[in-house]
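Structure file target_2.pdb (PDB, C-alpha atoms, pLDDT in the B column) is printed below.
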ATOM      1  CA  MET V 269     -83.731  40.438  11.787  1.00 89.00           C
ATOM      2  CA  LYS V 270     -87.146  40.587  13.442  1.00 94.00           C
ATOM      3  CA  THR V 271     -88.701  43.838  14.636  1.00 96.00           C
ATOM      4  CA  MET V 272     -90.268  44.088  18.100  1.00 97.00           C
ATOM      5  CA  LYS V 273     -93.972  43.253  17.841  1.00 96.00           C
ATOM      6  CA  THR V 274     -95.007  46.229  19.999  1.00 95.00           C
ATOM      7  CA  PRO V 275     -93.941  49.213  17.869  1.00 97.00           C
ATOM      8  CA  PHE V 276     -91.720  51.623  19.801  1.00 97.00           C
ATOM      9  CA  LYS V 277     -93.768  54.535  18.449  1.00 96.00           C
ATOM     10  CA  GLN V 278     -96.860  52.960  20.059  1.00 96.00           C
ATOM     11  CA  MET V 279     -95.033  52.950  23.415  1.00 96.00           C
ATOM     12  CA  LEU V 280     -94.096  56.610  22.908  1.00 96.00           C
ATOM     13  CA  ALA V 281     -97.691  57.470  22.050  1.00 95.00           C
ATOM     14  CA  ALA V 282     -98.791  56.122  25.447  1.00 93.00           C
ATOM     15  CA  VAL V 283     -96.721  58.755  27.276  1.00 97.00           C
ATOM     16  CA  PRO V 284     -98.774  61.551  28.907  1.00 97.00           C
ATOM     17  CA  ALA V 285     -98.131  65.018  27.435  1.00 97.00           C
ATOM     18  CA  ASP V 286     -96.817  66.451  30.720  1.00 97.00           C
ATOM     19  CA  ILE V 287     -94.121  63.777  30.987  1.00 96.00           C
ATOM     20  CA  GLN V 288     -93.175  64.306  27.353  1.00 97.00           C
ATOM     21  CA  GLN V 289     -92.780  68.049  28.064  1.00 96.00           C
ATOM     22  CA  GLU V 290     -90.788  67.393  31.229  1.00 96.00           C
ATOM     23  CA  VAL V 291     -88.279  65.110  29.462  1.00 96.00           C
ATOM     24  CA  ASP V 292     -88.015  67.492  26.493  1.00 96.00           C
ATOM     25  CA  LEU V 293     -87.063  70.352  28.821  1.00 96.00           C
ATOM     26  CA  GLU V 294     -84.648  68.351  30.980  1.00 96.00           C
ATOM     27  CA  TYR V 295     -82.939  67.000  27.873  1.00 97.00           C
ATOM     28  CA  ALA V 296     -82.699  70.398  26.161  1.00 97.00           C
ATOM     29  CA  ILE V 297     -81.334  72.158  29.265  1.00 97.00           C
ATOM     30  CA  SER V 298     -78.741  69.444  29.799  1.00 97.00           C
ATOM     31  CA  ASN V 299     -77.509  69.732  26.212  1.00 96.00           C
ATOM     32  CA  ARG V 300     -77.398  73.534  26.470  1.00 97.00           C
ATOM     33  CA  ILE V 301     -75.227  73.302  29.597  1.00 98.00           C
ATOM     34  CA  ASN V 302     -72.974  70.777  27.881  1.00 97.00           C
ATOM     35  CA  ASP V 303     -72.631  73.034  24.813  1.00 97.00           C
ATOM     36  CA  LEU V 304     -71.757  76.039  27.000  1.00 97.00           C
ATOM     37  CA  MET V 305     -69.169  73.999  28.912  1.00 98.00           C
ATOM     38  CA  VAL V 306     -67.593  72.883  25.635  1.00 97.00           C
ATOM     39  CA  GLN V 307     -67.640  76.465  24.262  1.00 97.00           C
ATOM     40  CA  ARG V 308     -65.862  77.732  27.385  1.00 96.00           C
ATOM     41  CA  GLY V 309     -63.478  74.764  27.475  1.00 97.00           C
ATOM     42  CA  LEU V 310     -64.593  73.800  30.971  1.00 97.00           C
ATOM     43  CA  THR V 311     -64.083  70.347  32.451  1.00 97.00           C
ATOM     44  CA  LYS V 312     -66.727  68.912  34.752  1.00 96.00           C
ATOM     45  CA  LEU V 313     -64.425  69.491  37.729  1.00 97.00           C
ATOM     46  CA  GLU V 314     -63.693  73.113  36.804  1.00 97.00           C
ATOM     47  CA  PHE V 315     -67.377  73.858  36.250  1.00 97.00           C
ATOM     48  CA  ALA V 316     -68.357  72.209  39.538  1.00 97.00           C
ATOM     49  CA  GLN V 317     -65.672  74.089  41.473  1.00 97.00           C
ATOM     50  CA  ALA V 318     -66.669  77.410  39.904  1.00 96.00           C
ATOM     51  CA  LEU V 319     -70.228  76.910  41.158  1.00 96.00           C
ATOM     52  CA  GLY V 320     -69.234  75.429  44.517  1.00 96.00           C
ATOM     53  CA  LYS V 321     -70.761  72.063  43.631  1.00 96.00           C
ATOM     54  CA  ARG V 322     -69.495  68.495  43.604  1.00 97.00           C
ATOM     55  CA  PRO V 323     -68.614  66.988  40.183  1.00 96.00           C
ATOM     56  CA  SER V 324     -71.308  64.357  40.820  1.00 94.00           C
ATOM     57  CA  GLU V 325     -73.885  67.176  40.778  1.00 96.00           C
ATOM     58  CA  VAL V 326     -72.684  68.268  37.332  1.00 97.00           C
ATOM     59  CA  THR V 327     -72.869  64.633  36.200  1.00 96.00           C
ATOM     60  CA  LYS V 328     -76.580  64.708  37.124  1.00 95.00           C
ATOM     61  CA  TRP V 329     -77.120  67.990  35.241  1.00 97.00           C
ATOM     62  CA  LEU V 330     -75.506  66.523  32.124  1.00 97.00           C
ATOM     63  CA  SER V 331     -77.486  63.257  32.277  1.00 96.00           C
ATOM     64  CA  GLY V 332     -80.438  64.764  30.422  1.00 96.00           C
ATOM     65  CA  GLN V 333     -82.757  63.507  33.151  1.00 96.00           C
ATOM     66  CA  HIS V 334     -82.283  66.014  35.961  1.00 96.00           C
ATOM     67  CA  ASN V 335     -85.272  67.853  37.390  1.00 95.00           C
ATOM     68  CA  PHE V 336     -83.701  71.319  37.703  1.00 96.00           C
ATOM     69  CA  THR V 337     -84.880  73.817  40.287  1.00 96.00           C
ATOM     70  CA  ILE V 338     -85.229  77.481  39.364  1.00 95.00           C
ATOM     71  CA  ARG V 339     -82.464  78.211  41.873  1.00 96.00           C
ATOM     72  CA  THR V 340     -80.043  75.869  40.067  1.00 96.00           C
ATOM     73  CA  LEU V 341     -81.016  77.193  36.643  1.00 97.00           C
ATOM     74  CA  SER V 342     -80.469  80.749  37.869  1.00 96.00           C
ATOM     75  CA  ALA V 343     -77.026  79.917  39.274  1.00 96.00           C
ATOM     76  CA  ILE V 344     -75.937  78.257  36.024  1.00 97.00           C
ATOM     77  CA  SER V 345     -77.376  81.073  33.888  1.00 97.00           C
ATOM     78  CA  ALA V 346     -75.602  83.693  36.032  1.00 97.00           C
ATOM     79  CA  PHE V 347     -72.320  81.811  35.728  1.00 97.00           C
ATOM     80  CA  PHE V 348     -72.481  81.648  31.932  1.00 97.00           C
ATOM     81  CA  GLY V 349     -74.085  85.079  31.572  1.00 96.00           C
ATOM     82  CA  GLU V 350     -76.745  83.541  29.328  1.00 92.00           C
ATOM     83  CA  SER V 351     -80.251  82.377  30.058  1.00 90.00           C
ATOM     84  CA  LEU V 352     -80.875  78.661  29.764  1.00 91.00           C
ATOM     85  CA  VAL V 353     -84.655  78.874  29.571  1.00 89.00           C
ATOM     86  CA  ARG V 354     -86.700  81.505  27.786  1.00 86.00           C
ATOM     87  CA  VAL V 355     -90.231  82.236  29.052  1.00 87.00           C
ATOM     88  CA  CYS V 356     -92.535  83.509  26.317  1.00 81.00           C
TER      89      CYS V 356
ATOM     90  CA  MET G 119     -79.097  27.627  28.917  1.00 76.00           C
ATOM     91  CA  SER G 120     -81.759  29.362  26.731  1.00 90.00           C
ATOM     92  CA  GLU G 121     -81.689  30.370  23.095  1.00 94.00           C
ATOM     93  CA  ALA G 122     -82.173  34.042  22.310  1.00 96.00           C
ATOM     94  CA  GLU G 123     -82.033  36.352  19.308  1.00 96.00           C
ATOM     95  CA  LEU G 124     -81.529  40.038  18.675  1.00 96.00           C
ATOM     96  CA  VAL G 125     -84.645  42.053  17.761  1.00 97.00           C
ATOM     97  CA  LEU G 126     -84.829  45.550  16.264  1.00 97.00           C
ATOM     98  CA  VAL G 127     -86.698  48.113  18.406  1.00 98.00           C
ATOM     99  CA  GLU G 128     -86.162  51.381  16.541  1.00 97.00           C
ATOM    100  CA  GLU G 129     -83.879  52.601  13.822  1.00 95.00           C
ATOM    101  CA  ALA G 130     -83.351  56.354  13.849  1.00 94.00           C
ATOM    102  CA  LYS G 131     -80.902  58.934  12.588  1.00 86.00           C
ATOM    103  CA  ASN G 132     -78.331  58.764  15.349  1.00 94.00           C
ATOM    104  CA  CYS G 133     -78.880  55.476  17.135  1.00 97.00           C
ATOM    105  CA  THR G 134     -80.347  52.030  16.527  1.00 98.00           C
ATOM    106  CA  LEU G 135     -82.121  50.403  19.454  1.00 98.00           C
ATOM    107  CA  TYR G 136     -82.252  46.619  19.804  1.00 98.00           C
ATOM    108  CA  THR G 137     -83.535  44.224  22.433  1.00 98.00           C
ATOM    109  CA  ILE G 138     -83.208  40.514  23.199  1.00 98.00           C
ATOM    110  CA  GLN G 139     -85.877  37.869  22.620  1.00 97.00           C
ATOM    111  CA  PHE G 140     -85.629  34.537  24.407  1.00 97.00           C
ATOM    112  CA  LEU G 141     -87.146  31.991  22.014  1.00 96.00           C
ATOM    113  CA  SER G 142     -89.058  30.439  24.911  1.00 96.00           C
ATOM    114  CA  GLU G 143     -90.807  33.776  25.688  1.00 96.00           C
ATOM    115  CA  ASP G 144     -93.648  35.580  23.884  1.00 96.00           C
ATOM    116  CA  ASP G 145     -92.242  39.057  24.546  1.00 97.00           C
ATOM    117  CA  THR G 146     -88.793  40.591  24.180  1.00 98.00           C
ATOM    118  CA  GLU G 147     -86.876  41.652  27.273  1.00 98.00           C
ATOM    119  CA  PHE G 148     -87.817  45.311  26.751  1.00 98.00           C
ATOM    120  CA  GLU G 149     -91.524  44.528  26.170  1.00 98.00           C
ATOM    121  CA  GLN G 150     -91.520  42.521  29.405  1.00 98.00           C
ATOM    122  CA  PHE G 151     -90.078  45.528  31.223  1.00 98.00           C
ATOM    123  CA  PHE G 152     -92.620  47.867  29.626  1.00 98.00           C
ATOM    124  CA  ASN G 153     -95.615  45.607  30.309  1.00 97.00           C
ATOM    125  CA  LYS G 154     -94.530  45.039  33.920  1.00 97.00           C
ATOM    126  CA  PHE G 155     -94.756  48.740  34.820  1.00 97.00           C
ATOM    127  CA  LYS G 156     -97.045  50.437  32.292  1.00 96.00           C
ATOM    128  CA  ASP G 157    -100.074  50.171  34.586  1.00 96.00           C
ATOM    129  CA  ASP G 158     -98.194  50.396  37.869  1.00 96.00           C
ATOM    130  CA  VAL G 159     -99.462  53.421  39.806  1.00 95.00           C
ATOM    131  CA  GLU G 160     -96.118  54.093  41.475  1.00 95.00           C
ATOM    132  CA  PHE G 161     -93.682  53.335  38.640  1.00 96.00           C
ATOM    133  CA  SER G 162     -95.601  54.071  35.447  1.00 96.00           C
ATOM    134  CA  PRO G 163     -94.468  57.755  35.372  1.00 96.00           C
ATOM    135  CA  ASP G 164     -90.812  56.708  35.722  1.00 96.00           C
ATOM    136  CA  LEU G 165     -91.297  54.109  32.978  1.00 97.00           C
ATOM    137  CA  MET G 166     -92.807  56.760  30.703  1.00 97.00           C
ATOM    138  CA  ARG G 167     -89.828  59.068  31.361  1.00 96.00           C
ATOM    139  CA  ILE G 168     -87.490  56.250  30.341  1.00 97.00           C
ATOM    140  CA  VAL G 169     -89.496  55.604  27.147  1.00 97.00           C
ATOM    141  CA  VAL G 170     -89.362  59.280  26.127  1.00 97.00           C
ATOM    142  CA  PHE G 171     -85.682  59.402  26.942  1.00 97.00           C
ATOM    143  CA  LEU G 172     -85.069  56.336  24.739  1.00 97.00           C
ATOM    144  CA  GLY G 173     -86.767  58.282  21.945  1.00 97.00           C
ATOM    145  CA  LYS G 174     -84.263  61.115  22.496  1.00 97.00           C
ATOM    146  CA  ILE G 175     -81.421  58.596  22.420  1.00 97.00           C
ATOM    147  CA  ALA G 176     -82.695  57.164  19.133  1.00 96.00           C
ATOM    148  CA  ASP G 177     -82.822  60.645  17.607  1.00 94.00           C
ATOM    149  CA  PHE G 178     -79.654  62.142  19.060  1.00 95.00           C
ATOM    150  CA  GLY G 179     -77.388  59.279  20.176  1.00 97.00           C
ATOM    151  CA  ALA G 180     -76.631  57.113  23.208  1.00 98.00           C
ATOM    152  CA  LEU G 181     -74.037  59.420  24.739  1.00 97.00           C
ATOM    153  CA  GLU G 182     -72.133  58.088  27.722  1.00 96.00           C
ATOM    154  CA  ARG G 183     -73.254  60.926  29.996  1.00 96.00           C
ATOM    155  CA  TYR G 184     -76.902  59.807  29.727  1.00 96.00           C
ATOM    156  CA  PHE G 185     -76.293  56.499  31.523  1.00 96.00           C
ATOM    157  CA  ARG G 186     -75.462  55.073  34.916  1.00 92.00           C
ATOM    158  CA  PRO G 187     -72.536  52.636  34.604  1.00 90.00           C
ATOM    159  CA  GLU G 188     -73.443  49.170  35.922  1.00 90.00           C
ATOM    160  CA  GLY G 189     -72.002  45.689  35.639  1.00 78.00           C
ATOM    161  CA  LYS G 190     -68.224  45.381  35.538  1.00 84.00           C
ATOM    162  CA  MET G 191     -65.483  47.498  33.998  1.00 83.00           C
ATOM    163  CA  SER G 192     -64.971  44.747  31.408  1.00 84.00           C
ATOM    164  CA  ASP G 193     -68.546  44.854  30.061  1.00 89.00           C
ATOM    165  CA  ARG G 194     -70.745  47.511  28.510  1.00 95.00           C
ATOM    166  CA  VAL G 195     -73.774  47.236  30.814  1.00 97.00           C
ATOM    167  CA  VAL G 196     -75.412  50.544  31.751  1.00 97.00           C
ATOM    168  CA  ALA G 197     -78.689  51.560  33.386  1.00 97.00           C
ATOM    169  CA  LEU G 198     -81.397  54.203  33.074  1.00 96.00           C
ATOM    170  CA  PRO G 199     -82.425  56.458  34.650  1.00 87.00           C
ATOM    171  CA  THR G 200     -79.454  58.257  36.169  1.00 80.00           C
ATOM    172  CA  VAL G 201     -81.661  60.323  38.458  1.00 82.00           C
ATOM    173  CA  GLN G 202     -83.681  59.592  41.565  1.00 82.00           C
ATOM    174  CA  SER G 203     -85.905  56.595  40.851  1.00 91.00           C
ATOM    175  CA  LYS G 204     -85.976  53.040  42.058  1.00 94.00           C
ATOM    176  CA  LEU G 205     -86.832  51.794  38.583  1.00 97.00           C
ATOM    177  CA  ARG G 206     -83.923  50.475  36.531  1.00 97.00           C
ATOM    178  CA  LEU G 207     -83.737  49.525  32.862  1.00 98.00           C
ATOM    179  CA  TYR G 208     -80.517  47.694  32.062  1.00 97.00           C
ATOM    180  CA  CYS G 209     -78.956  48.122  28.614  1.00 98.00           C
ATOM    181  CA  LEU G 210     -75.823  47.296  26.669  1.00 97.00           C
ATOM    182  CA  ARG G 211     -74.292  50.445  25.245  1.00 97.00           C
ATOM    183  CA  LEU G 212     -72.101  49.320  22.362  1.00 97.00           C
ATOM    184  CA  SER G 213     -71.454  52.848  21.126  1.00 97.00           C
ATOM    185  CA  ASP G 214     -73.116  56.261  20.739  1.00 97.00           C
ATOM    186  CA  LYS G 215     -75.079  54.725  17.870  1.00 98.00           C
ATOM    187  CA  ILE G 216     -75.977  51.227  19.087  1.00 98.00           C
ATOM    188  CA  LEU G 217     -77.945  50.426  22.247  1.00 98.00           C
ATOM    189  CA  ILE G 218     -79.388  47.039  23.255  1.00 98.00           C
ATOM    190  CA  LEU G 219     -82.273  47.247  25.729  1.00 98.00           C
ATOM    191  CA  GLY G 220     -82.613  44.557  28.354  1.00 98.00           C
ATOM    192  CA  ASN G 221     -85.086  43.996  31.146  1.00 98.00           C
ATOM    193  CA  GLY G 222     -85.249  45.760  34.488  1.00 98.00           C
ATOM    194  CA  GLY G 223     -87.121  46.190  37.724  1.00 97.00           C
ATOM    195  CA  VAL G 224     -87.383  48.035  41.001  1.00 97.00           C
ATOM    196  CA  LYS G 225     -84.103  48.384  42.864  1.00 95.00           C
ATOM    197  CA  ASN G 226     -84.859  48.012  46.549  1.00 93.00           C
ATOM    198  CA  THR G 227     -81.355  46.974  47.533  1.00 93.00           C
ATOM    199  CA  LYS G 228     -78.198  49.059  47.733  1.00 90.00           C
ATOM    200  CA  THR G 229     -76.554  47.215  44.830  1.00 91.00           C
ATOM    201  CA  TYR G 230     -78.101  45.249  41.975  1.00 92.00           C
ATOM    202  CA  GLU G 231     -76.004  42.224  43.038  1.00 91.00           C
ATOM    203  CA  GLU G 232     -78.110  41.936  46.204  1.00 94.00           C
ATOM    204  CA  SER G 233     -81.268  41.422  44.121  1.00 94.00           C
ATOM    205  CA  LYS G 234     -81.681  38.025  42.464  1.00 95.00           C
ATOM    206  CA  GLU G 235     -84.049  39.519  39.879  1.00 96.00           C
ATOM    207  CA  LEU G 236     -81.871  42.497  38.894  1.00 96.00           C
ATOM    208  CA  SER G 237     -78.600  40.590  38.922  1.00 96.00           C
ATOM    209  CA  GLY G 238     -80.253  38.090  36.559  1.00 96.00           C
ATOM    210  CA  TYR G 239     -81.027  40.872  34.061  1.00 97.00           C
ATOM    211  CA  VAL G 240     -77.497  42.258  34.321  1.00 96.00           C
ATOM    212  CA  LEU G 241     -76.003  38.772  33.911  1.00 95.00           C
ATOM    213  CA  THR G 242     -78.073  38.207  30.737  1.00 96.00           C
ATOM    214  CA  LEU G 243     -76.616  41.401  29.251  1.00 96.00           C
ATOM    215  CA  GLN G 244     -73.086  40.570  30.399  1.00 96.00           C
ATOM    216  CA  ASN G 245     -73.347  37.169  28.699  1.00 95.00           C
ATOM    217  CA  PHE G 246     -74.854  38.739  25.593  1.00 95.00           C
ATOM    218  CA  ASP G 247     -72.006  41.252  25.483  1.00 96.00           C
ATOM    219  CA  ARG G 248     -69.461  38.427  25.659  1.00 95.00           C
ATOM    220  CA  LEU G 249     -71.226  36.521  22.840  1.00 95.00           C
ATOM    221  CA  ILE G 250     -71.331  39.635  20.640  1.00 95.00           C
ATOM    222  CA  LYS G 251     -67.596  40.160  21.135  1.00 95.00           C
ATOM    223  CA  GLU G 252     -66.973  36.485  20.247  1.00 94.00           C
ATOM    224  CA  GLY G 253     -69.305  36.720  17.207  1.00 94.00           C
ATOM    225  CA  VAL G 254     -67.522  39.819  15.909  1.00 94.00           C
ATOM    226  CA  LYS G 255     -64.206  38.019  16.318  1.00 95.00           C
ATOM    227  CA  ASP G 256     -65.306  34.852  14.472  1.00 92.00           C
ATOM    228  CA  GLY G 257     -67.180  36.819  11.783  1.00 92.00           C
ATOM    229  CA  THR G 258     -70.720  35.574  12.567  1.00 92.00           C
ATOM    230  CA  ILE G 259     -71.750  39.094  13.683  1.00 94.00           C
ATOM    231  CA  MET G 260     -71.088  42.304  11.778  1.00 94.00           C
ATOM    232  CA  VAL G 261     -71.156  45.528  13.771  1.00 94.00           C
ATOM    233  CA  SER G 262     -71.087  48.656  11.608  1.00 93.00           C
ATOM    234  CA  GLU G 263     -71.263  52.272  12.762  1.00 93.00           C
ATOM    235  CA  ASN G 264     -74.954  52.096  13.704  1.00 95.00           C
ATOM    236  CA  LYS G 265     -76.095  48.523  13.012  1.00 95.00           C
ATOM    237  CA  ILE G 266     -75.625  44.968  14.149  1.00 96.00           C
ATOM    238  CA  GLU G 267     -76.070  42.420  11.408  1.00 93.00           C
ATOM    239  CA  THR G 268     -76.687  38.825  12.417  1.00 91.00           C
ATOM    240  CA  ASP G 269     -79.222  36.031  12.091  1.00 86.00           C
ATOM    241  CA  LYS G 270     -77.456  34.104  14.801  1.00 88.00           C
ATOM    242  CA  THR G 271     -79.223  32.698  17.856  1.00 93.00           C
ATOM    243  CA  PHE G 272     -77.377  33.068  21.126  1.00 93.00           C
ATOM    244  CA  ASP G 273     -77.098  30.486  23.928  1.00 91.00           C
ATOM    245  CA  LEU G 274     -77.563  32.542  27.059  1.00 86.00           C
TER     246      LEU G 274
END
Please rewrite the model in this file as structure tokens.
Amino acid sequence: MKTMKTPFKQMLAAVPADIQQEVDLEYAISNRINDLMVQRGLTKLEFAQALGKRPSEVTKWLSGQHNFTIRTLSAISAFFGESLVRVC
Amino acid sequence: MSEAELVLVEEAKNCTLYTIQFLSEDDTEFEQFFNKFKDDVEFSPDLMRIVVFLGKIADFGALERYFRPEGKMSDRVVALPTVQSKLRLYCLRLSDKILILGNGGVKNTKTYEESKELSGYVLTLQNFDRLIKEGVKDGTIMVSENKIETDKTFDL
């Protein structure tokens, strides 16, 4: 099978550092929320209801591509009793 | 009808990315999508986000929650991104470990069906999905946990 003539790594290398950082953070936060939901045995509906949100909002959080606000991060952290982001 | 073949994009630990190459075209479907928006002032940042995210998918898997379902219930067409952006990349998600990248564009209509351009990209993937299912059935395509093995050309 042929390989694409533009190497994928070359496409990745063209990405500005700030966008790389942004996606890294969004992806990591989303996976952390998913892990915490699994640990607590929470369904999307239960989690949404507990935070007074619609399930579609939780779907966005879990997509790995959501641009979280500090307010949302704080609400989720308070709910789980664990911080999602650590500032050094 | 045009002949097309499957092309490898990236092989990583948790997912293999493929795309489609029409034999009449110089670039694959995904390269066409990339080249269309890489220098676009408005959409280049969204394109770059999609590219980085595809890197994450290659490394950690094409989990269902990362995609926007598109197409019909009977096919495996999905789109990126899931968040606020008018840019759409259409893909075929065969499993957590196999993703086929298609082409995409700017969605200025409420549904992709209302756009001739976007519905064309989705239709290509729907047809490709059908041909893969047929190929697996007749033994001309082998789909393992994270790989598709075929030298077949597809009439799309």
Selection under test: the ChimeraX specification (/V :<9) & /G; residues as a PDB file with C-alpha atoms, in the frame of the given file:
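As written to disk, out.pdb reads:
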ATOM      1  CA  GLU G 123     -82.033  36.352  19.308  1.00 96.00           C
ATOM      2  CA  LEU G 124     -81.529  40.038  18.675  1.00 96.00           C
ATOM      3  CA  VAL G 125     -84.645  42.053  17.761  1.00 97.00           C
ATOM      4  CA  LEU G 126     -84.829  45.550  16.264  1.00 97.00           C
ATOM      5  CA  VAL G 127     -86.698  48.113  18.406  1.00 98.00           C
ATOM      6  CA  GLU G 128     -86.162  51.381  16.541  1.00 97.00           C
ATOM      7  CA  TYR G 136     -82.252  46.619  19.804  1.00 98.00           C
ATOM      8  CA  THR G 137     -83.535  44.224  22.433  1.00 98.00           C
ATOM      9  CA  GLN G 139     -85.877  37.869  22.620  1.00 97.00           C
ATOM     10  CA  ASP G 145     -92.242  39.057  24.546  1.00 97.00           C
ATOM     11  CA  THR G 146     -88.793  40.591  24.180  1.00 98.00           C
ATOM     12  CA  GLU G 149     -91.524  44.528  26.170  1.00 98.00           C
ATOM     13  CA  PHE G 152     -92.620  47.867  29.626  1.00 98.00           C
ATOM     14  CA  PRO G 163     -94.468  57.755  35.372  1.00 96.00           C
ATOM     15  CA  MET G 166     -92.807  56.760  30.703  1.00 97.00           C
ATOM     16  CA  ARG G 167     -89.828  59.068  31.361  1.00 96.00           C
ATOM     17  CA  ILE G 168     -87.490  56.250  30.341  1.00 97.00           C
ATOM     18  CA  VAL G 169     -89.496  55.604  27.147  1.00 97.00           C
ATOM     19  CA  VAL G 170     -89.362  59.280  26.127  1.00 97.00           C
ATOM     20  CA  PHE G 171     -85.682  59.402  26.942  1.00 97.00           C
ATOM     21  CA  GLY G 173     -86.767  58.282  21.945  1.00 97.00           C
ATOM     22  CA  LYS G 174     -84.263  61.115  22.496  1.00 97.00           C
ATOM     23  CA  GLU G 182     -72.133  58.088  27.722  1.00 96.00           C
ATOM     24  CA  ARG G 183     -73.254  60.926  29.996  1.00 96.00           C
ATOM     25  CA  TYR G 184     -76.902  59.807  29.727  1.00 96.00           C
ATOM     26  CA  PHE G 185     -76.293  56.499  31.523  1.00 96.00           C
ATOM     27  CA  ARG G 186     -75.462  55.073  34.916  1.00 92.00           C
ATOM     28  CA  PRO G 199     -82.425  56.458  34.650  1.00 87.00           C
ATOM     29  CA  THR G 200     -79.454  58.257  36.169  1.00 80.00           C
ATOM     30  CA  VAL G 201     -81.661  60.323  38.458  1.00 82.00           C
ATOM     31  CA  GLN G 202     -83.681  59.592  41.565  1.00 82.00           C
ATOM     32  CA  GLU G 267     -76.070  42.420  11.408  1.00 93.00           C
ATOM     33  CA  THR G 268     -76.687  38.825  12.417  1.00 91.00           C
ATOM     34  CA  ASP G 269     -79.222  36.031  12.091  1.00 86.00           C
TER      35      ASP G 269
END
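The interatomic distance for the pair CA of Arg354 in chain V and CA of Asp286 in chain V works out to 18.4 Å.
The spacing separating CA of Val306 in chain V from CA of Cys356 in chain V amounts to 27.1 Å.
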| Near Gln150 in chain G, counting all atoms listed in the file, which residues have an atom at most 10 Å away, once you skip same-chain residues fewer than 5 positions from it, shown as a list of chain:residue names? | G:Gln139, G:Glu143, G:Asp144, G:Asp145, G:Phe155, G:Gly220, G:Asn221, G:Gly222
| task | Quick one: apply the PyMOL selection byres ((chain V and resi 319) around 8) to the file and drop the selected residues here as an MDAnalysis selection string. | result | chainID V and resid 315:318 320:321 343:344 347
| task | Have a look at CA of Met191 in chain G and CA of Ser324 in chain V and let me know their distance in Å, one decimal. | result | 19.1 Å
| said: Counting all atoms listed in the file, which residue out of G:Ile266, G:Ile250, G:Ala122, G:Leu135 sits closest to Leu172 in chain G? | reply: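 Nearest candidate to Leu172 in chain G out of G:Ile266, G:Ile250, G:Ala122, G:Leu135: G:Leu135.
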Here's the selection I'm unsure about, the PyMOL selection byres ((chain G and resi 177) around 7); applied to the file above, which residues does it give, as a compact mmCIF listing (two decimals) with C-alpha atoms, keeping the file's coordinate frame?
# COMPACT_ATOMS: atom_id res chain seq x y z
CA ALA G 130 -83.35 56.35 13.85
CA LYS G 131 -80.90 58.93 12.59
CA ASN G 132 -78.33 58.76 15.35
CA CYS G 133 -78.88 55.48 17.14
CA GLY G 173 -86.77 58.28 21.94
CA LYS G 174 -84.26 61.12 22.50
CA ILE G 175 -81.42 58.60 22.42
CA ALA G 176 -82.70 57.16 19.13
CA PHE G 178 -79.65 62.14 19.06
CA GLY G 179 -77.39 59.28 20.18
Output file: range 273-284 of chain V, N, CA and C atoms, as an mmCIF file, in the first residue's frame:
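The file below, result_39.cif, is the result:
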data_model
loop_
_atom_site.group_PDB
_atom_site.id
_atom_site.type_symbol
_atom_site.label_atom_id
_atom_site.label_comp_id
_atom_site.auth_asym_id
_atom_site.auth_seq_id
_atom_site.Cartn_x
_atom_site.Cartn_y
_atom_site.Cartn_z
ATOM 1 N N LYS V 273 2.079 11.123 0.046
ATOM 2 C CA LYS V 273 3.358 11.751 -0.328
ATOM 3 C C LYS V 273 3.737 12.940 0.562
ATOM 4 N N THR V 274 2.739 13.614 1.156
ATOM 5 C CA THR V 274 3.062 14.632 2.162
ATOM 6 C C THR V 274 3.104 13.922 3.511
ATOM 7 N N PRO V 275 4.278 13.771 4.130
ATOM 8 C CA PRO V 275 4.304 13.056 5.410
ATOM 9 C C PRO V 275 3.424 13.748 6.462
ATOM 10 N N PHE V 276 2.683 12.922 7.222
ATOM 11 C CA PHE V 276 1.807 13.485 8.248
ATOM 12 C C PHE V 276 2.617 14.287 9.272
ATOM 13 N N LYS V 277 3.809 13.810 9.576
ATOM 14 C CA LYS V 277 4.659 14.521 10.550
ATOM 15 C C LYS V 277 5.029 15.914 10.035
ATOM 16 N N GLN V 278 5.142 16.061 8.728
ATOM 17 C CA GLN V 278 5.423 17.382 8.128
ATOM 18 C C GLN V 278 4.221 18.316 8.326
ATOM 19 N N MET V 279 3.018 17.763 8.221
ATOM 20 C CA MET V 279 1.805 18.560 8.473
ATOM 21 C C MET V 279 1.778 18.995 9.942
ATOM 22 N N LEU V 280 2.100 18.064 10.827
ATOM 23 C CA LEU V 280 2.114 18.376 12.268
ATOM 24 C C LEU V 280 3.152 19.452 12.588
ATOM 25 N N ALA V 281 4.278 19.380 11.899
ATOM 26 C CA ALA V 281 5.357 20.344 12.155
ATOM 27 C C ALA V 281 4.967 21.757 11.743
ATOM 28 N N ALA V 282 3.962 21.879 10.886
ATOM 29 C CA ALA V 282 3.523 23.205 10.418
ATOM 30 C C ALA V 282 2.589 23.888 11.420
ATOM 31 N N VAL V 283 2.212 23.159 12.474
ATOM 32 C CA VAL V 283 1.241 23.710 13.434
ATOM 33 C C VAL V 283 1.940 24.681 14.389
ATOM 34 N N PRO V 284 1.400 25.906 14.544
ATOM 35 C CA PRO V 284 1.992 26.852 15.496
ATOM 36 C C PRO V 284 1.976 26.296 16.929
#
